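Enquirer: Contents of run13.tsv (TSV, C-alpha atoms and all ligand atoms) are below:
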```tsv
chain	number	residue	atom	x	y	z
O	453	MET	CA	283.88	19.74	3.98
O	454	THR	CA	284.15	19.27	0.24
O	455	THR	CA	283.04	22.44	-1.43
O	456	ASN	CA	281.72	21.21	-4.76
O	457	ASP	CA	281.26	17.50	-4.42
O	458	LYS	CA	279.42	16.63	-7.64
O	459	SER	CA	277.90	13.51	-6.05
O	460	LYS	CA	275.69	15.76	-3.92
O	461	HIS	CA	272.36	17.17	-5.07
O	462	ALA	CA	272.22	20.68	-6.53
O	463	ASP	CA	270.43	22.18	-3.51
O	464	THR	CA	273.11	20.80	-1.20
O	465	ARG	CA	275.86	22.24	-3.36
O	466	ILE	CA	274.18	25.66	-3.30
O	467	THR	CA	274.89	25.69	0.43
O	468	THR	CA	278.42	24.28	0.26
O	469	ALA	CA	280.08	25.48	-2.99
O	470	GLY	CA	282.75	28.13	-2.47
O	471	ARG	CA	283.03	27.50	1.27
O	472	SER	CA	286.13	26.35	3.09
O	473	PRO	CA	285.54	26.83	6.82
O	474	LYS	CA	288.51	24.57	7.66
O	475	THR	CA	290.92	27.20	6.44
O	476	ASN	CA	288.84	29.97	7.97
O	477	PHE	CA	288.87	29.23	11.71
O	478	GLY	CA	285.66	27.21	11.26
O	479	ILE	CA	283.72	30.36	10.40
O	480	VAL	CA	280.83	29.49	8.10
O	481	ASN	CA	281.08	32.34	5.61
O	482	PRO	CA	284.19	33.52	3.80
O	483	PRO	CA	285.64	36.79	5.05
O	484	VAL	CA	285.27	39.94	2.97
O	485	TYR	CA	288.75	40.70	1.71
O	486	HIS	CA	289.27	44.32	0.75
O	487	ALA	CA	292.36	44.33	-1.39
O	488	SER	CA	294.24	46.19	-4.04
O	489	THR	CA	297.90	45.40	-3.27
O	490	VAL	CA	298.91	41.84	-2.64
O	491	THR	CA	302.53	41.50	-1.50
O	492	PHE	CA	305.05	38.73	-2.21
O	493	GLU	CA	308.17	37.93	-0.25
O	494	THR	CA	310.42	37.03	-3.14
O	495	VAL	CA	310.80	37.81	-6.81
O	496	ASP	CA	310.15	34.15	-7.55
O	497	ALA	CA	306.89	34.24	-5.58
O	498	LEU	CA	305.84	37.37	-7.47
O	499	LYS	CA	306.58	35.68	-10.82
O	500	GLU	CA	304.76	32.55	-9.81
O	501	ALA	CA	301.73	34.55	-8.77
O	502	GLU	CA	301.71	36.27	-12.16
O	503	GLN	CA	301.78	32.92	-13.94
O	504	HIS	CA	298.80	31.75	-11.86
O	505	ARG	CA	296.98	35.08	-11.97
O	506	PHE	CA	293.79	33.49	-13.31
O	507	ASP	CA	293.45	31.16	-10.34
O	508	ARG	CA	295.18	32.70	-7.35
O	509	VAL	CA	295.43	35.97	-5.50
O	510	TYR	CA	297.72	38.27	-7.50
O	511	TYR	CA	296.33	41.80	-7.59
O	512	GLY	CA	292.97	43.15	-6.40
O	513	ARG	CA	291.54	43.64	-9.87
O	514	TYR	CA	291.98	39.93	-10.65
O	515	GLY	CA	289.93	39.00	-7.61
O	516	THR	CA	290.20	38.11	-3.95
O	517	PRO	CA	289.26	34.98	-1.98
O	518	THR	CA	285.79	36.55	-1.57
O	519	THR	CA	285.17	36.95	-5.30
O	520	PHE	CA	286.73	33.52	-5.95
O	521	ALA	CA	284.28	31.95	-3.49
O	522	PHE	CA	281.36	33.64	-5.25
O	523	GLU	CA	282.65	32.58	-8.67
O	524	GLU	CA	283.15	28.98	-7.57
O	525	ALA	CA	279.59	28.81	-6.26
O	526	VAL	CA	278.02	30.33	-9.41
O	527	ALA	CA	280.07	28.05	-11.69
O	528	ASP	CA	278.81	25.10	-9.68
O	529	LEU	CA	275.19	26.36	-9.83
O	530	GLU	CA	275.28	26.67	-13.62
O	531	GLY	CA	277.24	23.47	-14.15
O	532	ALA	CA	280.48	24.94	-15.51
O	533	GLU	CA	284.17	25.01	-14.72
O	534	HIS	CA	284.80	28.74	-14.56
O	535	CYS	CA	283.06	31.95	-13.59
O	536	ILE	CA	284.16	35.57	-13.78
O	537	SER	CA	282.39	38.06	-11.56
O	538	VAL	CA	281.88	41.64	-12.71
O	539	PRO	CA	280.22	44.69	-11.14
O	540	SER	CA	276.82	44.34	-12.89
O	541	GLY	CA	274.82	42.20	-15.27
O	542	MET	CA	275.37	44.78	-17.98
O	543	ALA	CA	279.14	44.54	-17.42
O	544	ALA	CA	278.87	40.77	-17.90
O	545	ILE	CA	277.15	41.31	-21.25
O	546	ALA	CA	279.55	44.07	-22.35
O	547	VAL	CA	282.72	42.17	-21.41
O	548	SER	CA	281.57	38.90	-23.00
O	549	LEU	CA	280.68	40.55	-26.31
O	550	ALA	CA	283.74	42.83	-26.38
O	551	ALA	CA	286.00	39.85	-25.67
O	552	THR	CA	284.67	37.65	-28.44
O	553	LEU	CA	284.04	40.10	-31.30
O	554	LYS	CA	286.34	42.24	-33.40
O	555	SER	CA	286.01	44.59	-36.32
O	556	GLY	CA	284.55	42.79	-39.36
O	557	ASP	CA	282.76	40.12	-37.28
O	558	HIS	CA	279.01	39.72	-37.19
O	559	ALA	CA	276.89	39.15	-34.07
O	560	LEU	CA	273.35	37.83	-34.32
O	561	ILE	CA	271.33	38.96	-31.35
O	562	THR	CA	267.86	37.90	-30.25
O	563	ASP	CA	265.35	40.69	-30.72
O	564	SER	CA	264.01	39.86	-27.25
O	565	ALA	CA	267.30	40.79	-25.54
O	566	TYR	CA	267.38	43.13	-22.56
O	567	PHE	CA	267.12	46.52	-24.25
O	568	PRO	CA	270.40	47.99	-22.92
O	569	THR	CA	272.10	44.95	-24.56
O	570	VAL	CA	270.57	46.07	-27.86
O	571	LYS	CA	271.70	49.66	-27.26
O	572	TYR	CA	275.24	48.50	-26.43
O	573	CYS	CA	275.37	46.50	-29.67
O	574	ASN	CA	273.94	49.34	-31.77
O	575	THR	CA	276.29	51.96	-30.38
O	576	PHE	CA	279.50	50.62	-28.86
O	577	LEU	CA	279.99	47.45	-30.91
O	578	LYS	CA	278.95	49.04	-34.22
O	579	LYS	CA	281.35	51.91	-33.56
O	580	PHE	CA	284.17	49.37	-33.50
O	581	GLY	CA	283.14	47.85	-36.83
O	582	VAL	CA	281.12	44.86	-35.60
O	583	GLU	CA	278.11	44.03	-37.78
O	584	ILE	CA	274.95	43.56	-35.72
O	585	SER	CA	271.65	42.05	-36.76
O	586	TYR	CA	268.65	40.72	-34.86
O	587	PHE	CA	266.69	37.51	-35.12
O	588	ALA	CA	263.08	36.96	-34.10
O	589	PRO	CA	263.14	35.12	-30.77
O	590	MET	CA	260.85	32.37	-32.08
O	591	ALA	CA	262.63	32.07	-35.46
O	592	THR	CA	262.57	28.58	-36.97
O	593	ALA	CA	265.81	26.73	-37.71
O	594	GLU	CA	265.48	27.66	-41.39
O	595	GLU	CA	264.90	31.32	-40.63
O	596	LEU	CA	267.85	31.38	-38.27
O	597	LYS	CA	270.18	29.64	-40.72
O	598	ALA	CA	269.25	32.25	-43.31
O	599	GLN	CA	270.51	34.97	-40.98
O	600	ILE	CA	273.91	33.41	-40.30
O	601	ARG	CA	276.67	35.13	-42.26
O	602	PRO	CA	280.15	33.80	-43.11
O	603	ASN	CA	281.53	36.19	-40.47
O	604	THR	CA	278.99	35.38	-37.70
O	605	LYS	CA	281.05	34.82	-34.56
O	606	VAL	CA	278.45	35.14	-31.81
O	607	VAL	CA	274.79	34.24	-31.47
O	608	PHE	CA	273.32	35.93	-28.41
O	609	THR	CA	270.20	34.50	-26.77
O	610	GLU	CA	268.01	35.30	-23.81
O	611	ALA	CA	265.33	32.87	-22.65
O	612	PRO	CA	262.76	33.86	-21.83
O	613	GLY	CA	263.03	37.47	-22.95
O	614	SER	CA	262.64	39.63	-19.87
O	615	ILE	CA	259.87	41.84	-21.35
O	616	THR	CA	258.09	39.71	-23.97
O	617	PHE	CA	258.89	36.28	-22.45
O	618	GLU	CA	259.42	34.19	-25.59
O	619	VAL	CA	261.19	30.97	-24.59
O	620	GLN	CA	263.86	30.21	-27.16
O	621	ASP	CA	264.99	26.78	-28.27
O	622	ILE	CA	268.56	27.14	-27.06
O	623	ALA	CA	269.73	23.69	-28.22
O	624	MET	CA	268.43	24.33	-31.75
O	625	ILE	CA	270.10	27.75	-31.84
O	626	ALA	CA	273.34	26.29	-30.49
O	627	ASP	CA	273.41	23.53	-33.12
O	628	ILE	CA	273.08	26.08	-35.91
O	629	ALA	CA	275.60	28.49	-34.39
O	630	HIS	CA	278.17	25.75	-33.76
O	631	ALA	CA	277.80	24.34	-37.27
O	632	HIS	CA	279.00	27.77	-38.45
O	633	GLY	CA	281.75	28.07	-35.83
O	634	ALA	CA	279.96	30.76	-33.81
O	635	LEU	CA	279.84	30.97	-30.02
O	636	VAL	CA	276.52	30.90	-28.20
O	637	MET	CA	275.93	33.35	-25.37
O	638	MET	CA	272.88	33.33	-23.19
O	639	ASP	CA	271.48	35.83	-20.75
O	640	ASN	CA	270.29	33.26	-18.20
O	641	THR	CA	269.13	35.73	-15.55
O	642	TRP	CA	265.45	34.71	-15.59
O	643	SER	CA	266.17	31.14	-14.48
O	644	ALA	CA	268.93	32.28	-12.09
O	645	GLY	CA	270.88	29.26	-13.32
O	646	TYR	CA	268.62	27.22	-11.07
O	647	TYR	CA	265.79	26.34	-13.44
O	648	PHE	CA	267.87	26.14	-16.62
O	649	LYS	CA	271.30	24.55	-17.00
O	650	PRO	CA	272.78	26.34	-20.01
O	651	PHE	CA	275.76	24.06	-20.64
O	652	GLU	CA	273.48	21.04	-21.07
O	653	HIS	CA	271.89	22.86	-24.02
O	654	GLY	CA	275.01	23.95	-25.90
O	655	VAL	CA	275.64	27.42	-24.44
O	656	ASP	CA	279.29	28.51	-24.45
O	657	ILE	CA	279.01	31.59	-22.23
O	658	SER	CA	276.21	32.03	-19.72
O	659	ILE	CA	275.63	35.50	-18.38
O	660	GLN	CA	273.63	36.50	-15.35
O	661	ALA	CA	272.65	39.75	-13.80
O	662	ALA	CA	273.35	38.33	-10.33
O	663	THR	CA	271.85	41.65	-9.23
O	664	LYS	CA	268.48	39.86	-9.57
O	665	TYR	CA	267.79	36.48	-7.98
O	666	ILE	CA	271.28	35.59	-6.82
O	667	VAL	CA	271.71	38.71	-4.71
O	668	GLY	CA	267.96	38.45	-4.11
O	669	HIS	CA	267.51	41.44	-1.81
O	670	SER	CA	267.73	44.45	-4.17
O	671	ASP	CA	270.83	45.77	-2.46
O	672	ALA	CA	273.80	45.11	-4.77
O	673	MET	CA	274.80	45.22	-8.42
O	674	LEU	CA	276.65	42.10	-9.60
O	675	GLY	CA	277.22	40.10	-12.78
O	676	SER	CA	278.57	36.68	-13.65
O	677	ILE	CA	280.12	35.21	-16.79
O	678	THR	CA	280.19	31.42	-16.61
O	679	LEU	CA	281.98	29.19	-19.07
O	680	ASN	CA	283.74	25.85	-19.52
O	681	ASP	CA	286.50	26.34	-22.04
O	682	ARG	CA	289.77	27.17	-20.29
O	683	ASP	CA	291.27	29.23	-23.15
O	684	LEU	CA	288.05	31.21	-23.55
O	685	TYR	CA	287.97	31.78	-19.78
O	686	GLU	CA	291.51	33.19	-19.77
O	687	HIS	CA	290.72	35.34	-22.78
O	688	VAL	CA	287.50	36.79	-21.32
O	689	LYS	CA	289.15	37.27	-17.93
O	690	THR	CA	292.00	39.18	-19.57
O	691	VAL	CA	289.47	41.51	-21.20
O	692	GLN	CA	287.55	41.91	-17.91
O	693	VAL	CA	290.73	42.88	-16.09
O	694	GLY	CA	291.91	45.00	-19.01
O	695	MET	CA	288.67	46.96	-19.02
O	696	GLY	CA	289.00	47.47	-15.30
O	697	TYR	CA	285.86	45.69	-14.18
O	698	SER	CA	286.70	44.50	-10.69
O	699	THR	CA	283.97	43.29	-8.40
O	700	ALA	CA	283.61	44.93	-5.02
O	701	PRO	CA	284.21	42.37	-2.26
O	702	ASP	CA	281.15	43.44	-0.26
O	703	ASP	CA	278.95	42.89	-3.31
O	704	ALA	CA	280.48	39.46	-3.98
O	705	TYR	CA	279.77	38.65	-0.34
O	706	LEU	CA	276.13	39.73	-0.72
O	707	GLY	CA	275.89	37.63	-3.88
O	708	LEU	CA	277.20	34.60	-2.06
O	709	ARG	CA	274.87	35.18	0.87
O	710	GLY	CA	271.89	35.52	-1.47
O	711	LEU	CA	272.89	32.37	-3.34
O	712	ARG	CA	272.69	30.25	-0.18
O	713	THR	CA	268.90	30.74	-0.01
O	714	LEU	CA	268.18	30.65	-3.76
O	715	ALA	CA	266.75	27.12	-3.64
O	716	THR	CA	264.25	28.24	-1.00
O	717	ARG	CA	263.33	31.63	-2.45
O	718	LEU	CA	262.86	30.72	-6.11
O	719	PRO	CA	260.11	28.10	-5.63
O	720	ARG	CA	258.20	30.67	-3.57
O	721	HIS	CA	258.62	33.32	-6.31
O	722	GLU	CA	257.44	30.66	-8.75
O	723	LYS	CA	254.36	29.68	-6.75
O	724	THR	CA	253.25	33.26	-6.20
O	725	GLY	CA	254.03	34.26	-9.79
O	726	LEU	CA	251.93	31.40	-11.14
O	727	LYS	CA	249.05	32.20	-8.81
O	728	LEU	CA	249.04	35.84	-9.96
O	729	ALA	CA	249.43	34.83	-13.61
O	730	GLU	CA	246.50	32.41	-13.45
O	731	TRP	CA	244.33	34.96	-11.65
O	732	LEU	CA	245.18	37.60	-14.24
O	733	ALA	CA	244.46	35.16	-17.10
O	734	GLY	CA	240.89	34.89	-15.83
O	735	HIS	CA	240.37	38.64	-15.40
O	736	PRO	CA	238.03	40.30	-17.94
O	737	ALA	CA	240.32	43.33	-18.40
O	738	VAL	CA	243.30	41.16	-19.41
O	739	GLU	CA	244.03	40.28	-23.04
O	740	THR	CA	246.88	37.82	-22.42
O	741	VAL	CA	249.39	36.65	-19.85
O	742	LEU	CA	252.99	36.08	-20.89
O	743	HIS	CA	254.18	33.55	-18.36
O	744	PRO	CA	256.33	30.67	-19.69
O	745	ALA	CA	254.34	28.14	-17.65
O	746	LEU	CA	251.07	29.16	-19.36
O	747	THR	CA	250.15	27.94	-22.83
O	748	THR	CA	249.55	31.54	-23.97
O	749	CYS	CA	253.30	32.25	-23.79
O	750	PRO	CA	255.31	31.81	-27.02
O	751	GLY	CA	257.69	28.91	-26.43
O	752	HIS	CA	255.68	27.37	-23.58
O	753	ASP	CA	256.41	23.85	-24.91
O	754	ILE	CA	260.13	24.60	-24.98
O	755	TRP	CA	259.91	25.86	-21.41
O	756	LYS	CA	258.23	22.59	-20.42
O	757	ARG	CA	260.90	20.56	-22.16
O	758	ASP	CA	264.00	22.46	-21.01
O	759	PHE	CA	263.29	24.27	-17.75
O	760	THR	CA	262.65	22.72	-14.37
O	761	GLY	CA	260.63	25.66	-13.08
O	762	ALA	CA	259.69	29.29	-13.48
O	763	SER	CA	260.93	32.31	-11.61
O	764	GLY	CA	258.62	35.14	-10.55
O	765	LEU	CA	258.97	37.46	-13.55
O	766	PHE	CA	256.18	37.56	-16.15
O	767	GLY	CA	254.05	39.99	-18.11
O	768	PHE	CA	250.45	40.64	-18.96
O	769	VAL	CA	248.70	42.79	-21.53
O	770	LEU	CA	245.42	44.63	-21.00
O	771	LYS	CA	242.59	44.51	-23.48
O	772	ASP	CA	242.37	47.53	-25.76
O	773	GLY	CA	240.61	50.47	-24.24
O	774	PRO	CA	242.41	52.00	-21.25
O	775	SER	CA	244.24	55.21	-22.06
O	776	HIS	CA	247.74	55.96	-20.86
O	777	GLY	CA	246.12	58.02	-18.08
O	778	ASP	CA	243.87	55.11	-17.00
O	779	MET	CA	246.83	52.80	-16.80
O	780	ALA	CA	248.91	55.34	-14.91
O	781	ARG	CA	246.07	55.76	-12.39
O	782	MET	CA	245.95	52.03	-11.86
O	783	LEU	CA	249.71	51.69	-11.41
O	784	ASP	CA	250.07	54.79	-9.23
O	785	ASN	CA	247.49	53.42	-6.80
O	786	LEU	CA	248.93	49.98	-6.24
O	787	GLU	CA	250.09	49.56	-2.70
O	788	LEU	CA	252.27	46.43	-2.70
O	789	PHE	CA	253.64	46.60	-6.24
O	790	ALA	CA	256.28	49.30	-6.38
O	791	MET	CA	257.36	50.66	-9.73
O	792	GLY	CA	261.04	50.38	-10.46
O	793	TYR	CA	263.58	48.68	-12.66
O	794	SER	CA	265.34	45.48	-11.78
O	795	TRP	CA	263.70	42.42	-10.22
O	796	GLY	CA	264.61	39.25	-8.33
O	797	GLY	CA	264.43	40.80	-4.87
O	798	TYR	CA	262.00	39.86	-2.09
O	799	GLU	CA	259.57	42.64	-3.00
O	800	SER	CA	256.92	42.73	-5.70
O	801	LEU	CA	257.31	45.14	-8.59
O	802	ILE	CA	255.37	46.24	-11.62
O	803	ILE	CA	256.57	48.23	-14.60
O	804	PRO	CA	254.98	49.22	-17.93
O	805	SER	CA	257.16	48.53	-20.93
O	806	ASP	CA	256.34	49.02	-24.58
O	807	PRO	CA	257.83	46.40	-26.96
O	808	ARG	CA	256.75	48.56	-29.92
O	809	THR	CA	259.66	50.87	-29.09
O	810	MET	CA	262.20	48.03	-28.84
O	811	ARG	CA	261.54	45.28	-31.35
O	812	THR	CA	262.66	45.40	-34.97
O	813	THR	CA	262.03	41.87	-36.29
O	814	TYR	CA	258.35	41.46	-35.61
O	815	ASN	CA	255.22	43.44	-34.86
O	816	TRP	CA	253.90	43.44	-31.32
O	817	PRO	CA	250.45	41.91	-31.86
O	818	TYR	CA	248.70	43.82	-29.04
O	819	GLY	CA	247.38	47.34	-28.73
O	820	GLN	CA	248.76	47.85	-25.23
O	821	PRO	CA	252.23	47.68	-23.66
O	822	VAL	CA	253.36	44.89	-21.33
O	823	LEU	CA	252.80	45.31	-17.63
O	824	ARG	CA	255.72	43.36	-16.20
O	825	ILE	CA	255.32	41.89	-12.76
O	826	HIS	CA	257.93	40.58	-10.42
O	827	ALA	CA	256.19	38.40	-7.86
O	828	GLY	CA	257.89	38.93	-4.53
O	829	LEU	CA	257.69	37.01	-1.30
O	830	GLU	CA	254.57	38.70	0.11
O	831	ASP	CA	251.38	36.72	0.68
O	832	PRO	CA	249.92	36.02	-2.79
O	833	ASP	CA	246.36	36.79	-1.68
O	834	ASP	CA	247.38	40.28	-0.58
O	835	LEU	CA	249.05	40.77	-3.95
O	836	ILE	CA	245.93	39.64	-5.77
O	837	SER	CA	243.69	42.04	-3.83
O	838	ASP	CA	246.10	44.86	-4.61
O	839	LEU	CA	245.94	44.05	-8.34
O	840	ASP	CA	242.19	43.66	-8.14
O	841	LYS	CA	241.79	47.12	-6.62
O	842	GLY	CA	244.08	48.55	-9.30
O	843	LEU	CA	242.27	46.88	-12.19
O	844	LYS	CA	238.92	48.14	-10.87
O	845	LEU	CA	240.23	51.70	-11.27
O	846	LEU	CA	240.49	51.07	-15.02
O	847	THR	CA	236.76	50.86	-15.33
O	848	ALA	CA	235.85	53.31	-12.52
H	1	LIG	C1	267.56	40.20	-18.44
H	1	LIG	C2	268.52	41.20	-17.88
H	1	LIG	N1	269.82	41.07	-18.19
H	1	LIG	C3	270.74	41.93	-17.73
H	1	LIG	C4	270.38	42.98	-16.92
H	1	LIG	C5	271.43	43.95	-16.46
H	1	LIG	O1	271.75	43.73	-15.12
H	1	LIG	P1	272.33	44.89	-14.20
H	1	LIG	O2	271.19	45.78	-13.87
H	1	LIG	O3	272.91	44.15	-13.04
H	1	LIG	O4	273.38	45.60	-14.99
H	1	LIG	C6	269.05	43.16	-16.55
H	1	LIG	C7	268.64	44.28	-15.68
H	1	LIG	O5	267.49	44.59	-15.50
H	1	LIG	C8	268.09	42.25	-17.06
H	1	LIG	O6	266.78	42.37	-16.78
```
The structure given in the file should be rewritten as structure tokens.
Expert:
Amino acid sequence: MTTNDKSKHADTRITTAGRSPKTNFGIVNPPVYHASTVTFETVDALKEAEQHRFDRVYYGRYGTPTTFAFEEAVADLEGAEHCISVPSGMAAIAVSLAATLKSGDHALITDSAYFPTVKYCNTFLKKFGVEISYFAPMATAEELKAQIRPNTKVVFTEAPGSITFEVQDIAMIADIAHAHGALVMMDNTWSAGYYFKPFEHGVDISIQAATKYIVGHSDAMLGSITLNDRDLYEHVKTVQVGMGYSTAPDDAYLGLRGLRTLATRLPRHEKTGLKLAEWLAGHPAVETVLHPALTTCPGHDIWKRDFTGASGLFGFVLKDGPSHGDMARMLDNLELFAMGYSWGGYESLIIPSDPRTMRTTYNWPYGQPVLRIHAGLEDPDDLISDLDKGLKLLTA
């Protein structure tokens, strides 16, 4: 079996990449290697292993055949040469930014970024002398150019934003960043690397919280850093290892297992998400629905141009009126939508989130917070009746 035969279709490669049953007694899945020490029989073998530490088994923190298999499969999914696995999505963000910025540099971050990314930039990176500023997610090329500084080294994007769902024009952002010699990073978790191919749009480092759709079952924390440039890969990997972020083999195994069914799960999340979004859009209590596949979402045309589908995460905003207590009553009484952070698992979730406490470059145009939904794999009609019952409580 060839593991990443590029002549095969993407959905085929999702089932084959990272697998080598021939060297594994014919067993379909790679074994879970628990390893810290790796021993070598000669001094020469030890030295050779050190020279090839980025690609071969050397010491547990650098990875094991289990993490390598996961990394190979994610690199293939996103269309890149290299992937580095880390213990969470947040670790992927932290390592990538720490590796590419130094004191005196400037990083331009989308204002729609996952809020802990913003907090990491405002605390950790600033403490080490990195200048941080934010750009409006739907900034025009001219507005973006005006925010580039001579010392801008990184432009960080996320599309769509995981709370406010603006779909950014990644190719436009990449052109501007590259013209100024800056790297482009993207948090590509929403598309799972399945519905958006970051390297075809100029991204240099694609980050995923594999915790979400790749793991897919809400039972492991995992992150991936995917990139093409060999020197950049070795540099980021050195920082990952230097900061001590080694991925647990069981979690890499769960990531790989989740990945094998991604091409089946995501279209179902998409179908259910769209059905809920369209139903909500027609509900009299709803002001707007922020789903990239609906025209009401900022950047919908970009989504149509650049993405091949939508995952199951979207938001909606209620019309003015309900108090905090009304909304809490509605949310507390939902049966199938649990409240909790994260998303991408098989179960539906809902969470209130207030952009007014997070955004600095623009005013949230609505009077209410976002209610963010993750559409799980339940029957969509049951989910709709649950939401219907909840929304009725608003007016009861
Ligand atoms: C868009 C996005 N990026 C990154 C992360 C961080 O991932 P993790 O929870 O695996 O650290 C999250 C988590 O919710 C997220 O929603």
Enquirer: Here is a test: counting all atoms listed in the file, which residue of O:Leu529, O:Met791, O:Met624, O:Thr468 is nearest to Lys597 of chain O?
Expert: O:Met624
Enquirer: Have a look at O:Ala593, O:Ala672, O:Leu577, O:Ile825 and name the one nearest to ligand LIG 1 (chain H); count all atoms listed in the file.
Expert: O:Ala672
Enquirer: Residues within 8 Å of Val480 of chain O, please, as an mmCIF file with C-alpha atoms, keeping the file's coordinate frame. Count only C-alpha atoms; anything in the same chain fewer than 3 positions from it doesn't count.
Expert:
```cif
data_model
loop_
_atom_site.group_PDB
_atom_site.id
_atom_site.type_symbol
_atom_site.label_atom_id
_atom_site.label_comp_id
_atom_site.auth_asym_id
_atom_site.auth_seq_id
_atom_site.Cartn_x
_atom_site.Cartn_y
_atom_site.Cartn_z
ATOM 1 C CA ARG O 471 283.030 27.500 1.270
ATOM 2 C CA SER O 472 286.130 26.350 3.090
ATOM 3 C CA PRO O 473 285.540 26.830 6.820
#
```
Enquirer: Which residue out of O:Thr569, O:Asn785, O:Thr724, O:Thr519 has the minimum interatomic distance to Leu845 of chain O when all atoms listed in the file are used?
Expert: O:Asn785
Enquirer: Contacts between ligand LIG 1 (chain H) and chain O, please, where a residue of chain O counts if it comes within 6 Å (with all atoms listed in the file); show its shortest atom pair and distance in Å to one decimal, rows by chain and ascending number, as a Markdown table.
Expert:
```
| residue | atom | partner | partner_atom | distance |
| --- | --- | --- | --- | --- |
| O:Ser540 | CA | H:LIG1 | O3 | 3.9 |
| O:Gly541 | CA | H:LIG1 | O1 | 3.4 |
| O:Met542 | CA | H:LIG1 | O4 | 3.7 |
| O:Tyr566 | CA | H:LIG1 | C1 | 5.1 |
| O:Ser614 | CA | H:LIG1 | C1 | 5.2 |
| O:Thr641 | CA | H:LIG1 | C1 | 5.5 |
| O:Ala661 | CA | H:LIG1 | O1 | 4.3 |
| O:Thr663 | CA | H:LIG1 | O3 | 4.7 |
| O:Met673 | CA | H:LIG1 | O3 | 5.1 |
| O:Leu674 | CA | H:LIG1 | O3 | 5.5 |
| O:Gly675 | CA | H:LIG1 | O3 | 5.9 |
| O:Ser794 | CA | H:LIG1 | O5 | 4.4 |
```
Enquirer: Do you have, as a Markdown table, the list of residues of segment 604-670 of chain O lying at most 8 Å from segment 756-761 of chain O, each with its nearest atom pair and that distance in Å to one decimal, counting only C-alpha atoms and ordered by chain then number?
Expert:
```
| residue | atom | partner | partner_atom | distance |
| --- | --- | --- | --- | --- |
| O:Ser643 | CA | O:Gly761 | CA | 7.9 |
| O:Tyr647 | CA | O:Thr760 | CA | 4.9 |
| O:Phe648 | CA | O:Phe759 | CA | 5.1 |
```
Enquirer: For atom CA of Ser564 of chain O and atom CA of Pro589 of chain O, determine how far apart the two atoms are, in Å to one decimal place.
Expert: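 About the pair atom CA of Ser564 of chain O and atom CA of Pro589 of chain O: they are 6.0 Å apart.
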Enquirer: Please report, as CSV, each residue of segment 732-769 of chain O lying at most 12 Å from segment 828-841 of chain O, together with the nearest pair of atoms and the separation in Å rounded to one decimal; use only C-alpha atoms, and order rows by chain and ascending residue number.
Expert:
```
residue,atom,partner,partner_atom,distance
O:Leu732,CA,O:Ile836,CA,8.7
O:Gly734,CA,O:Asp840,CA,11.7
O:His735,CA,O:Asp840,CA,9.0
O:Pro736,CA,O:Asp840,CA,11.2
O:Ala737,CA,O:Asp840,CA,10.4
O:Val738,CA,O:Asp840,CA,11.6
O:Ser763,CA,O:Gly828,CA,10.2
O:Gly764,CA,O:Gly828,CA,7.2
O:Leu765,CA,O:Gly828,CA,9.2
O:Phe766,CA,O:Gly828,CA,11.8
```
Enquirer: Out of O:Pro602, O:Gly696, O:Gly797, O:Gly633, which residue has the shortest atom-to-atom distance to Lys664 of chain O when counting only C-alpha atoms?
Expert: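 Among O:Pro602, O:Gly696, O:Gly797, O:Gly633, it is O:Gly797 that comes nearest to Lys664 of chain O.
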Enquirer: Report the distance between atom CA of Thr699 of chain O and atom CA of Leu549 of chain O in Å, rounded to one decimal place.
Expert: 18.4 Å
Enquirer: I'd like the neighbourhood of Tyr665 of chain O as a list in words, where a residue qualifies if any of its atoms comes within 10 Å (using all atoms listed in the file), though same-chain residues fewer than 6 positions away should be ignored.
Expert: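 Counting all atoms listed in the file, the residues come to Thr641, Trp642, Ser643, Ala644, Gly645, Tyr646, Gly707, Gly710, Leu711, Thr713, Leu714, Arg717, Leu718, His721, Ser763, Gly764, Trp795, Gly796, Gly797 and Tyr798 of chain O.
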Enquirer: Per residue of segment 564-610 of chain O within 12 Å of segment 804-814 of chain O, which atom pair is closest and at what distance in Å (one decimal), using only C-alpha atoms, listed by chain and increasing number, as a Markdown table?
Expert:
```
| residue | atom | partner | partner_atom | distance |
| --- | --- | --- | --- | --- |
| O:Ser564 | CA | O:Arg811 | CA | 7.2 |
| O:Ala565 | CA | O:Arg811 | CA | 9.3 |
| O:Tyr566 | CA | O:Met810 | CA | 9.5 |
| O:Phe567 | CA | O:Met810 | CA | 6.9 |
| O:Pro568 | CA | O:Met810 | CA | 10.1 |
| O:Thr569 | CA | O:Met810 | CA | 11.2 |
| O:Val570 | CA | O:Met810 | CA | 8.7 |
| O:Lys571 | CA | O:Met810 | CA | 9.8 |
| O:Ser585 | CA | O:Thr813 | CA | 9.6 |
| O:Tyr586 | CA | O:Thr813 | CA | 6.9 |
| O:Phe587 | CA | O:Thr813 | CA | 6.5 |
| O:Ala588 | CA | O:Thr813 | CA | 5.5 |
| O:Pro589 | CA | O:Thr813 | CA | 8.8 |
| O:Met590 | CA | O:Tyr814 | CA | 10.1 |
| O:Ala591 | CA | O:Thr813 | CA | 9.9 |
| O:Glu595 | CA | O:Thr813 | CA | 11.8 |
| O:Gln599 | CA | O:Thr813 | CA | 11.9 |
```
Enquirer: So what do you get for atom CA of Gly470 of chain O versus atom CA of Lys689 of chain O, distance-wise?
Expert: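 About the pair atom CA of Gly470 of chain O and atom CA of Lys689 of chain O: they are 19.1 Å apart.
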Enquirer: Kindly indicate which residue among O:Ser676, O:Ser670, O:Thr562, O:Thr494 lies nearest to Ala546 of chain O, using only C-alpha atoms for the distances.
Expert: O:Ser676
Enquirer: Quick one: of O:Tyr511, O:Phe608, O:Trp755, O:Tyr705, who's nearest to Asp656 of chain O, counting all atoms listed in the file?
Expert: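 So, comparing all the options, the nearest one is O:Phe608.
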